[in-house]
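A.B. asks: Pasting in a structure now, in structure tokens, and then I'll have a few things to ask.
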Amino acid sequence: MNIFTCIRKIWRTIAGISGNVVTATLLISLILFFIEKYRYDKKRKESSQEAAVSAAGSGPQIPGPRKVAVITGASSGLGWKYALTIDKHPEKYDVTEFWLIARRRDRLEALASELHLPVKILCLDLTVSENLDSLEDLLKQESLSAGGASSFAVSMLLNCAGYGKYGSSTEIGRQEECRMIDTNDKAAISVTAAVIPYMQAGSRILEVCSVAGFQPIPFFNCYAASKSLLYSYSRSLRIELLKSGISVTAVCPYWIKDTEFIAKAAGQQKKLFLASNASRVVRLSLFDVQHHHALSTPGLLCTLDRIFSGWIPDEVLAYIMTLFL
Ligand SMILES: NC(=O)c1ccc[n+]([C@@H]2O[C@H](COP(=O)([O-])OP(=O)(O)OC[C@H]3O[C@@H](n4cnc5c(N)ncnc54)[C@H](OP(=O)(O)O)[C@@H]3O)[C@@H](O)[C@H]2O)c1
């Protein structure tokens, strides 16, 4: 047997095994998808039956329970668009009021003036740990004054606050890299942990991650790594919360051209190959959130990246990704 026949034989054996492994795992993930969907529906039905029984026994008419959508990064881009979209059909998302979080008060007030539902404006820098404490305190106070879990719940959390910076790690520097991790990871995880105690079966968490989280990206290094952390966190949290009927969706978009993100990342607005727009990303991802999907890749390029990042080794993919910057 010559060397080429030997290589061909080894190749065929590996391809045969990996083909079977891919098929089997795809089948398992499909089965898991239906099991999870069944559990979410069952939990939601049980909790709405319980709510109906307690409302019937509560005697005189009381106002309906408050169902809050907490949106971080609501002063622009995706957060802004999610608020407008949910506001058009609040009953579909089980929301009766918004809590809008970002640093720019004027922008939050401008958004509030466009919404029909009641709004609480929380002008907070989420990288400051005292602000995260005050969010936790506020949730506690509001829940107590409303009369507890039957009258107050967070039905949606949309974690959109985040930013990235182009450049080598050396150019960006220690402070900026730490700020990116504080905003994209520490803040997102802290806000999530703060709201979970006020969520019920049927509540939804949407973590805005990115395709950048699917592989390493040189010259967008720290940002990609921070989104990778949030992606991994979201996928695990989903399984942890499955029993309670709270779903977690990791939303991983490709470039979006009509938000402030690209200009802030590059220092100027750039034209990027096949960039999507915020309305499309919001529409497609809300569909996934509504249906309790674990992962949302709202667009063709992010869906392709999701598929290929599972197959192509990081060593190769890291080079390919620099072409999309
Ligand atoms: N646009 C894209 O190409 C793209 C692609 C994939 C993923 N994403 C992700 O999508 C999310 C939303 O981005 P976007 O495109 O909508 O960009 P954007 O228009 O720049 O929005 C970012 C939001 O985050 C808020 N924010 C930033 N730092 C904050 C802090 N320390 N505390 C509180 N709020 C803070 C900003 O509000 P203030 O400045 O008023 O505080 C702003 O509302 C981000 O997590 C981003 O990583 C974006």
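Residue numbering restarts at 1 for every chain of the structure tokens, chains are lettered A, B, ... in their displayed order, and ligands are numbered from 1 as they appear.
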For the alpha helix (DSSP H) assignment from backbone DSSP, which residues of stretch 83-118 of chain A qualify? Please present them as a list in words.
C.D. replies: Ala83, Leu84, Thr85, Ile86, Asp87, Lys88, Pro90, Glu91, Lys92, Tyr93, Arg105, Asp106, Arg107, Leu108, Glu109, Ala110, Leu111, Ala112, Ser113 and Glu114 of chain A
A.B. asks: Give me a file of those residues, with C-alpha atoms, as a PDB file, in the first residue's frame.
C.D. replies:
```
ATOM      1  CA  ALA A  83     -38.924  49.037  22.830  1.00  0.00           C
ATOM      2  CA  LEU A  84     -40.814  50.479  19.837  1.00  0.00           C
ATOM      3  CA  THR A  85     -41.629  47.015  18.475  1.00  0.00           C
ATOM      4  CA  ILE A  86     -42.851  45.583  21.787  1.00  0.00           C
ATOM      5  CA  ASP A  87     -44.869  48.750  22.421  1.00  0.00           C
ATOM      6  CA  LYS A  88     -46.900  48.081  19.250  1.00  0.00           C
ATOM      7  CA  PRO A  90     -47.537  44.592  24.294  1.00  0.00           C
ATOM      8  CA  GLU A  91     -50.097  41.816  24.876  1.00  0.00           C
ATOM      9  CA  LYS A  92     -48.117  39.510  22.565  1.00  0.00           C
ATOM     10  CA  TYR A  93     -45.070  39.927  24.814  1.00  0.00           C
ATOM     11  CA  ARG A 105     -31.238  60.725  29.834  1.00  0.00           C
ATOM     12  CA  ASP A 106     -32.287  62.954  26.894  1.00  0.00           C
ATOM     13  CA  ARG A 107     -32.301  59.958  24.548  1.00  0.00           C
ATOM     14  CA  LEU A 108     -34.314  57.836  26.983  1.00  0.00           C
ATOM     15  CA  GLU A 109     -36.828  60.673  27.390  1.00  0.00           C
ATOM     16  CA  ALA A 110     -37.105  60.980  23.605  1.00  0.00           C
ATOM     17  CA  LEU A 111     -37.854  57.254  23.374  1.00  0.00           C
ATOM     18  CA  ALA A 112     -40.349  57.423  26.252  1.00  0.00           C
ATOM     19  CA  SER A 113     -42.275  60.153  24.426  1.00  0.00           C
ATOM     20  CA  GLU A 114     -42.793  57.755  21.488  1.00  0.00           C
TER      21      GLU A 114
END
```
A.B. asks: When the cut-off is 6 Å and you count only C-alpha atoms and all ligand atoms, which residues lie near ligand 1, shown as JSON, numbers by chain?
C.D. replies: {"A": [73, 74, 75, 76, 77, 78, 79, 102, 103, 104, 124, 125, 126, 127, 160, 161, 162, 163, 183, 208, 209, 210, 253, 254, 255, 256, 259, 260, 261, 262]}
A.B. asks: Quote the spacing between atom CA of A:Glu315 and atom CA of A:Gly19 in Å to one decimal place.
C.D. replies: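 Separating atom CA of A:Glu315 from atom CA of A:Gly19 is a distance of 21.7 Å.
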A.B. asks: Within 10 Å of A:Ser129, counting only C-alpha atoms, which residues qualify if same-chain residues fewer than 5 places away don't, as a count of residues only?
C.D. replies: 6
